$ cat start-v4.cif   # mmCIF, C-alpha atoms and all ligand atoms
data_protein
loop_
_atom_site.label_atom_id
_atom_site.label_comp_id
_atom_site.auth_asym_id
_atom_site.auth_seq_id
_atom_site.Cartn_x
_atom_site.Cartn_y
_atom_site.Cartn_z
CA MET A 1 -2.61 27.81 -67.87
CA PRO A 2 -6.14 27.14 -66.56
CA GLN A 3 -6.73 27.37 -62.84
CA CYS A 4 -9.47 25.35 -61.20
CA SER A 5 -12.02 27.64 -59.58
CA SER A 6 -12.80 24.93 -57.06
CA CYS A 7 -9.51 23.44 -55.78
CA ARG A 8 -7.36 26.36 -57.06
CA ARG A 9 -4.87 23.99 -58.71
CA TYR A 10 -3.52 24.67 -62.17
CA TRP A 11 -3.85 22.04 -64.76
CA HIS A 12 -1.47 21.61 -67.63
CA VAL A 13 -3.54 19.72 -70.11
CA GLY A 14 -6.43 21.09 -72.01
CA GLY A 15 -9.96 19.94 -71.35
CA PRO A 16 -13.20 21.04 -69.68
CA GLN A 17 -12.57 19.28 -66.38
CA CYS A 18 -9.97 19.73 -63.58
CA PRO A 19 -7.79 16.58 -63.49
CA THR A 20 -7.31 17.04 -59.73
CA CYS A 21 -10.80 17.48 -58.32
CA GLY A 22 -12.96 16.92 -61.38
CA ALA A 23 -14.64 20.35 -61.29
CA LEU A 24 -15.61 21.84 -64.66
CA SER A 25 -13.79 24.83 -66.09
CA LYS A 26 -15.47 28.25 -66.15
CA GLU A 27 -15.84 28.01 -69.92
CA GLU A 28 -17.50 24.63 -69.70
CA LEU A 29 -19.85 25.82 -66.96
CA GLN A 30 -20.74 28.84 -69.04
CA ARG A 31 -21.34 26.73 -72.11
CA ARG A 32 -23.61 24.32 -70.27
CA SER A 33 -25.48 27.19 -68.65
CA GLU A 34 -26.17 28.85 -71.98
CA ALA A 35 -27.24 25.58 -73.53
CA ALA A 36 -29.69 24.95 -70.70
CA SER A 37 -31.11 28.47 -70.93
CA GLU A 38 -31.65 28.31 -74.63
CA GLU A 39 -33.40 24.98 -74.34
CA VAL A 40 -36.14 26.39 -72.14
CA THR A 41 -37.01 30.08 -72.15
CA GLY A 42 -33.79 31.80 -72.76
CA ARG A 43 -33.14 31.82 -68.99
CA PRO A 44 -31.58 29.00 -66.99
CA SER A 45 -34.22 26.58 -65.71
CA VAL A 46 -34.48 25.43 -62.08
CA GLU A 47 -33.12 21.99 -63.10
CA ALA A 48 -30.24 23.62 -64.96
CA THR A 49 -29.38 25.74 -61.90
CA ASP A 50 -29.47 22.66 -59.69
CA GLU A 51 -27.24 20.87 -62.14
CA LEU A 52 -24.76 23.72 -62.09
CA GLU A 53 -24.79 23.81 -58.30
CA SER A 54 -24.11 20.10 -58.16
CA ILE A 55 -21.28 20.51 -60.66
CA ARG A 56 -19.75 23.16 -58.40
CA PHE A 57 -19.64 20.65 -55.58
CA SER A 58 -15.92 20.85 -54.94
CA ARG A 59 -13.29 18.43 -53.76
CA ARG A 60 -12.95 20.47 -50.57
CA ASP A 61 -16.65 20.06 -49.90
CA PHE A 62 -16.26 16.37 -50.53
CA ILE A 63 -13.39 16.07 -47.99
CA ILE A 64 -15.27 18.03 -45.34
CA GLY A 65 -18.26 15.82 -45.90
CA ALA A 66 -16.16 12.70 -45.70
CA VAL A 67 -14.58 13.78 -42.38
CA ALA A 68 -17.96 14.64 -40.91
CA GLY A 69 -19.36 11.35 -42.13
CA GLY A 70 -16.41 9.44 -40.68
CA ALA A 71 -16.84 11.11 -37.30
CA ALA A 72 -20.51 10.25 -37.29
CA ALA A 73 -19.72 6.66 -38.18
CA THR A 74 -17.17 6.46 -35.36
CA VAL A 75 -19.69 7.75 -32.85
CA ALA A 76 -22.22 5.28 -34.22
CA VAL A 77 -19.78 2.42 -33.63
CA LEU A 78 -18.48 3.52 -30.24
CA LEU A 79 -21.77 4.55 -28.68
CA PRO A 80 -23.23 1.04 -28.45
CA VAL A 81 -19.90 -0.21 -27.03
CA ALA A 82 -20.03 2.42 -24.30
CA LEU A 83 -23.57 1.45 -23.52
CA ILE A 84 -22.87 -2.28 -23.32
CA GLY A 85 -23.22 -3.45 -19.76
CA ASP A 86 -22.36 -6.70 -18.06
CA GLU A 87 -23.44 -10.10 -19.33
CA ASP A 88 -26.86 -9.62 -17.79
CA GLY A 89 -27.31 -6.40 -19.68
CA GLU A 90 -27.47 -4.38 -16.48
CA GLY A 91 -24.51 -2.10 -17.14
CA SER A 92 -24.83 1.60 -17.76
CA ALA A 93 -23.19 4.19 -19.93
CA GLY A 94 -19.65 5.12 -18.86
CA GLU A 95 -19.02 1.86 -16.97
CA GLU A 96 -15.41 0.74 -17.38
CA PRO A 97 -14.84 -2.70 -18.93
CA PRO A 98 -12.97 -5.16 -16.69
CA ILE A 99 -9.17 -5.08 -17.06
CA GLU A 100 -7.45 -8.40 -17.68
CA GLU A 101 -4.85 -9.28 -15.08
CA GLY A 102 -1.21 -9.38 -16.27
CA PRO A 103 1.86 -10.69 -14.46
CA ALA A 104 1.61 -9.89 -10.77
CA VAL A 105 5.10 -8.38 -10.50
CA VAL A 106 7.59 -7.22 -13.09
CA LEU A 107 11.09 -6.55 -11.84
CA THR A 108 13.05 -3.56 -13.08
CA THR A 109 15.97 -3.93 -10.66
CA PHE A 110 17.50 -6.88 -8.88
CA PRO A 111 15.79 -7.72 -5.59
CA ARG A 112 17.74 -7.95 -2.38
CA GLN A 113 17.09 -11.44 -1.14
CA ARG A 114 18.26 -13.00 2.11
CA ILE A 115 19.64 -16.42 1.20
CA ALA A 116 21.37 -17.73 4.32
CA SER A 117 23.06 -16.82 7.56
CA LEU A 118 26.84 -17.12 7.73
CA ALA A 119 26.40 -19.70 10.46
CA ASP A 120 24.52 -21.93 8.00
CA LEU A 121 27.48 -22.25 5.65
CA ARG A 122 29.87 -25.16 5.80
CA GLN A 123 33.01 -25.08 3.69
CA GLY A 124 32.64 -27.03 0.48
CA GLU A 125 28.88 -27.58 0.91
CA PRO A 126 26.76 -25.55 -1.54
CA LEU A 127 23.38 -24.18 -0.43
CA ASP A 128 20.81 -23.94 -3.24
CA PHE A 129 18.38 -21.09 -3.91
CA ASP A 130 16.58 -19.49 -6.87
CA TYR A 131 17.57 -15.95 -7.84
CA PRO A 132 16.38 -13.45 -8.99
CA LEU A 133 13.44 -15.32 -10.57
CA GLN A 134 11.85 -18.61 -9.72
CA GLY A 135 13.54 -21.36 -11.74
CA GLN A 136 16.88 -19.57 -11.97
CA GLN A 137 18.73 -22.23 -9.99
CA SER A 138 21.68 -20.83 -8.04
CA PHE A 139 23.92 -21.80 -5.16
CA VAL A 140 26.18 -20.20 -2.58
CA VAL A 141 29.31 -21.90 -1.31
CA LYS A 142 32.14 -21.13 1.13
CA LEU A 143 35.26 -22.08 -0.80
CA GLY A 144 37.79 -21.88 2.02
CA GLU A 145 40.06 -19.79 -0.19
CA ARG A 146 39.88 -16.17 -1.29
CA ALA A 147 37.92 -15.69 -4.52
CA LEU A 148 37.11 -12.84 -6.92
CA GLY A 149 33.81 -11.34 -5.78
CA GLY A 150 33.99 -13.29 -2.54
CA VAL A 151 32.40 -11.86 0.62
CA GLY A 152 32.71 -12.61 4.33
CA GLU A 153 35.68 -12.28 6.59
CA ASP A 154 37.85 -14.46 4.35
CA GLU A 155 36.33 -13.22 1.07
CA ASP A 156 35.69 -16.82 0.17
CA ILE A 157 31.89 -16.95 -0.05
CA VAL A 158 30.61 -16.89 -3.63
CA ALA A 159 27.35 -17.62 -5.42
CA PHE A 160 26.65 -18.64 -9.03
CA SER A 161 23.95 -19.79 -11.41
CA TYR A 162 23.66 -23.56 -11.75
CA LEU A 163 22.84 -23.35 -15.48
CA CYS A 164 25.73 -24.11 -17.81
CA THR A 165 26.39 -21.25 -20.21
CA HIS A 166 26.91 -23.60 -23.15
CA MET A 167 23.43 -25.10 -23.58
CA GLY A 168 21.86 -24.75 -20.16
CA CYS A 169 22.42 -28.18 -18.64
CA PRO A 170 22.13 -27.98 -14.84
CA LEU A 171 25.35 -28.30 -12.88
CA VAL A 172 23.72 -29.32 -9.61
CA GLY A 173 25.89 -31.69 -7.56
CA LEU A 174 29.03 -31.06 -9.62
CA TYR A 175 30.99 -28.82 -7.22
CA LYS A 176 34.52 -30.14 -6.58
CA ASP A 177 35.86 -28.57 -3.41
CA GLU A 178 39.34 -29.93 -3.96
CA HIS A 179 39.82 -27.70 -7.03
CA LYS A 180 37.11 -25.05 -6.33
CA ILE A 181 35.50 -25.83 -9.67
CA LEU A 182 31.99 -26.59 -10.89
CA GLY A 183 31.80 -29.36 -13.47
CA PRO A 184 32.53 -31.02 -15.72
CA CYS A 185 29.08 -30.47 -17.17
CA ALA A 186 27.33 -33.76 -17.90
CA CYS A 187 26.42 -32.55 -21.41
CA HIS A 188 29.70 -31.39 -22.96
CA PHE A 189 32.20 -31.28 -20.08
CA THR A 190 32.47 -27.54 -19.52
CA THR A 191 34.07 -26.75 -16.16
CA PHE A 192 34.08 -23.41 -14.36
CA ASP A 193 36.60 -21.97 -11.87
CA LEU A 194 34.68 -20.48 -8.94
CA THR A 195 37.68 -18.54 -7.61
CA LYS A 196 37.89 -16.55 -10.87
CA ASN A 197 34.35 -15.26 -11.45
CA GLY A 198 33.21 -18.61 -12.91
CA MET A 199 35.75 -18.57 -15.74
CA VAL A 200 35.63 -21.47 -18.20
CA VAL A 201 38.65 -23.75 -17.72
CA LEU A 202 37.50 -26.67 -19.86
CA GLY A 203 34.81 -27.55 -22.40
CA GLN A 204 32.50 -25.98 -24.94
CA ALA A 205 31.13 -22.90 -23.18
CA THR A 206 32.60 -19.50 -23.98
CA GLN A 207 30.92 -17.46 -21.25
CA ASN A 208 31.69 -17.29 -17.54
CA LEU A 209 29.15 -18.79 -15.23
CA PRO A 210 26.86 -15.91 -14.12
CA GLN A 211 27.95 -14.85 -10.63
CA ILE A 212 25.45 -13.69 -8.03
CA THR A 213 26.68 -10.60 -6.20
CA LEU A 214 26.46 -10.89 -2.43
CA ALA A 215 26.33 -8.61 0.59
CA VAL A 216 26.82 -9.42 4.27
CA GLU A 217 24.90 -7.67 7.02
CA GLY A 218 25.68 -8.96 10.48
CA ASP A 219 25.18 -12.71 10.20
CA ASP A 220 22.89 -12.49 7.18
CA LEU A 221 23.91 -13.12 3.60
CA TYR A 222 21.99 -11.35 0.80
CA ALA A 223 21.89 -11.80 -2.98
CA THR A 224 21.87 -8.38 -4.63
CA GLY A 225 22.38 -8.89 -8.37
CA VAL A 226 23.76 -11.03 -11.20
CA MET A 227 26.86 -10.57 -13.35
CA GLY A 228 26.23 -12.19 -16.75
CA LEU A 229 23.13 -13.47 -18.49
CA ILE A 230 21.59 -16.61 -17.04
CA TYR A 231 21.21 -19.30 -19.72
CA GLY A 232 17.79 -19.45 -21.39
CA PHE A 233 16.72 -15.93 -20.43
CA ARG A 234 16.69 -12.91 -22.72
CA ASP A 235 16.93 -10.84 -19.53
CA ASN A 236 17.67 -11.99 -15.98
CA LEU A 237 14.60 -10.11 -14.77
CA LEU A 238 12.01 -11.21 -17.35
CA ASP A 239 9.77 -14.16 -18.19
CA ALA A 240 9.28 -15.72 -14.76
CA GLN A 241 7.94 -14.80 -11.36
CA PRO A 242 10.40 -13.06 -9.00
CA VAL A 243 11.53 -14.78 -5.84
CA GLU A 244 10.30 -13.26 -2.65
CA ALA A 245 12.51 -10.30 -1.84
CA ALA A 246 13.66 -9.44 1.67
CA SER A 247 14.95 -6.09 2.85
S1 LIG A 301 25.57 -27.71 -21.78
FE1 LIG A 301 27.23 -27.73 -20.43
S2 LIG A 301 28.88 -28.07 -21.68
FE2 LIG A 301 27.24 -28.07 -23.05
#
$ encode --input "start-v4.cif" --output "structure tokens" --more "lines below"
Ligand code: FES
Amino acid sequence: MPQCSSCRRYWHVGGPQCPTCGALSKEELQRRSEAASEEVTGRPSVEATDELESIRFSRRDFIIGAVAGGAAATVAVLLPVALIGDEDGEGSAGEEPPIEEGPAVVLTTFPRQRIASLADLRQGEPLDFDYPLQGQQSFVVKLGERALGGVGEDEDIVAFSYLCTHMGCPLVGLYKDEHKILGPCACHFTTFDLTKNGMVVLGQATQNLPQITLAVEGDDLYATGVMGLIYGFRDNLLDAQPVEAAS
């Protein structure tokens, strides 16, 4: 089985040329050399030698050449970019291009935000605030009866998102203190029980109303996190500016 003297591969079919790299077989090289020598003076001419040398140009040489050529081309492209200055053409080599500004703040954890003092709360009167991002409408309310997740001396202070978990209609102004519920939603009548983690008690929604976790320090009330995904957000911490956090 012939072996290519250039790329060292074996080839299975007959013929004067390697099917892999295109180099000529030893026999073919020899034949061409003899033919060239006979044509002139019985010795290989300069042209014939050059021809043979060019024929021996191997695939490996070609690849090395291609890599070197590619590197040179890359330098040729990048060098002018590095030398480009400012709009007035006064920049110098190595000067960093300006970096475009992205979002000012990206949250990775829930902020701790002061939302009210305990003295501000009146039973049955919700106080509104955004949390944890601007536009995530929420409220805190003192129910006057113990609730799951409630804080304060009577464990009756709770906070929730105002956005209905069915299709996001706002539930602002729909708190019913008599039954400790929020709703019915003006869109499709969903109603949430605020004493039971915002559980759905009526309507189309299938998810609890997201509950804001709270902490009390002295007379101050803090929002510290959210249980459940706020409607319209792929993540409670993405796609809007954070509210101002307080520690
Ligand atoms: S959006 Fe509230 S029930 Fe449909």
$ residues_near_ligand --input "start-v4.cif" --ligand "ligand LIG 301 (chain A)" --cutoff "7 Å" --atoms "only C-alpha atoms and all ligand atoms" --output "PyMOL selection string"
chain A and resi 164-169+185-190+203-205
$ closest_residue --input "start-v4.cif" --among "A:Leu133, A:Leu143, A:Ile212, A:Leu171" --to "Phe192 of chain A" --atoms "only C-alpha atoms"
A:Leu171
$ atom_distance --input "start-v4.cif" --atom1 "atom CA of Lys180 of chain A" --atom2 "atom CA of Asp128 of chain A"
16.6 Å
$ closest_residue --input "start-v4.cif" --among "A:Val226, A:Ala119, A:Leu182, A:Leu163" --to "Leu194 of chain A" --atoms "all atoms listed in the file"
A:Leu182
$ atom_distance --input "start-v4.cif" --atom1 "atom CA of Phe139 of chain A" --atom2 "atom CA of Ser161 of chain A"
6.6 Å
$ residues_around --input "start-v4.cif" --residues "Ala223 of chain A" --least-positions-apart "4" --cutoff "9 Å" --atoms "only C-alpha atoms" --output "VMD selection string"
chain A and resid 110 to 115 131 to 132 159 212 to 215
$ atom_distance --input "start-v4.cif" --atom1 "atom CA of Thr195 of chain A" --atom2 "atom CA of Ala147 of chain A"
4.2 Å
$ residues_around --input "start-v4.cif" --residues "Val151 of chain A" --least-positions-apart "4" --cutoff "8 Å" --atoms "all atoms listed in the file" --output "list in words"
Glu155, Asp156, Ile157, Val158, Leu214, Ala215 and Val216 of chain A
$ write_last_selection --input "start-v4.cif" --atoms "C-alpha atoms" --output "CSV table (one decimal), in the coordinates of the input"
chain,number,residue,atom,x,y,z
A,155,GLU,CA,36.3,-13.2,1.1
A,156,ASP,CA,35.7,-16.8,0.2
A,157,ILE,CA,31.9,-17.0,0.0
A,158,VAL,CA,30.6,-16.9,-3.6
A,214,LEU,CA,26.5,-10.9,-2.4
A,215,ALA,CA,26.3,-8.6,0.6
A,216,VAL,CA,26.8,-9.4,4.3
$ closest_residue --input "start-v4.cif" --among "A:Tyr222, A:Tyr175, A:Phe233, A:Tyr162" --to "Pro126 of chain A" --atoms "only C-alpha atoms"
A:Tyr175
$ closest_residue --input "start-v4.cif" --among "A:Asp130, A:Asp220, A:Glu145, A:Glu125" --to "Val243 of chain A" --atoms "all atoms listed in the file"
A:Asp130
$ closest_residue --input "start-v4.cif" --among "A:Val201, A:Ala35, A:Leu237, A:Leu174" --to "Thr109 of chain A" --atoms "all atoms listed in the file"
A:Leu237
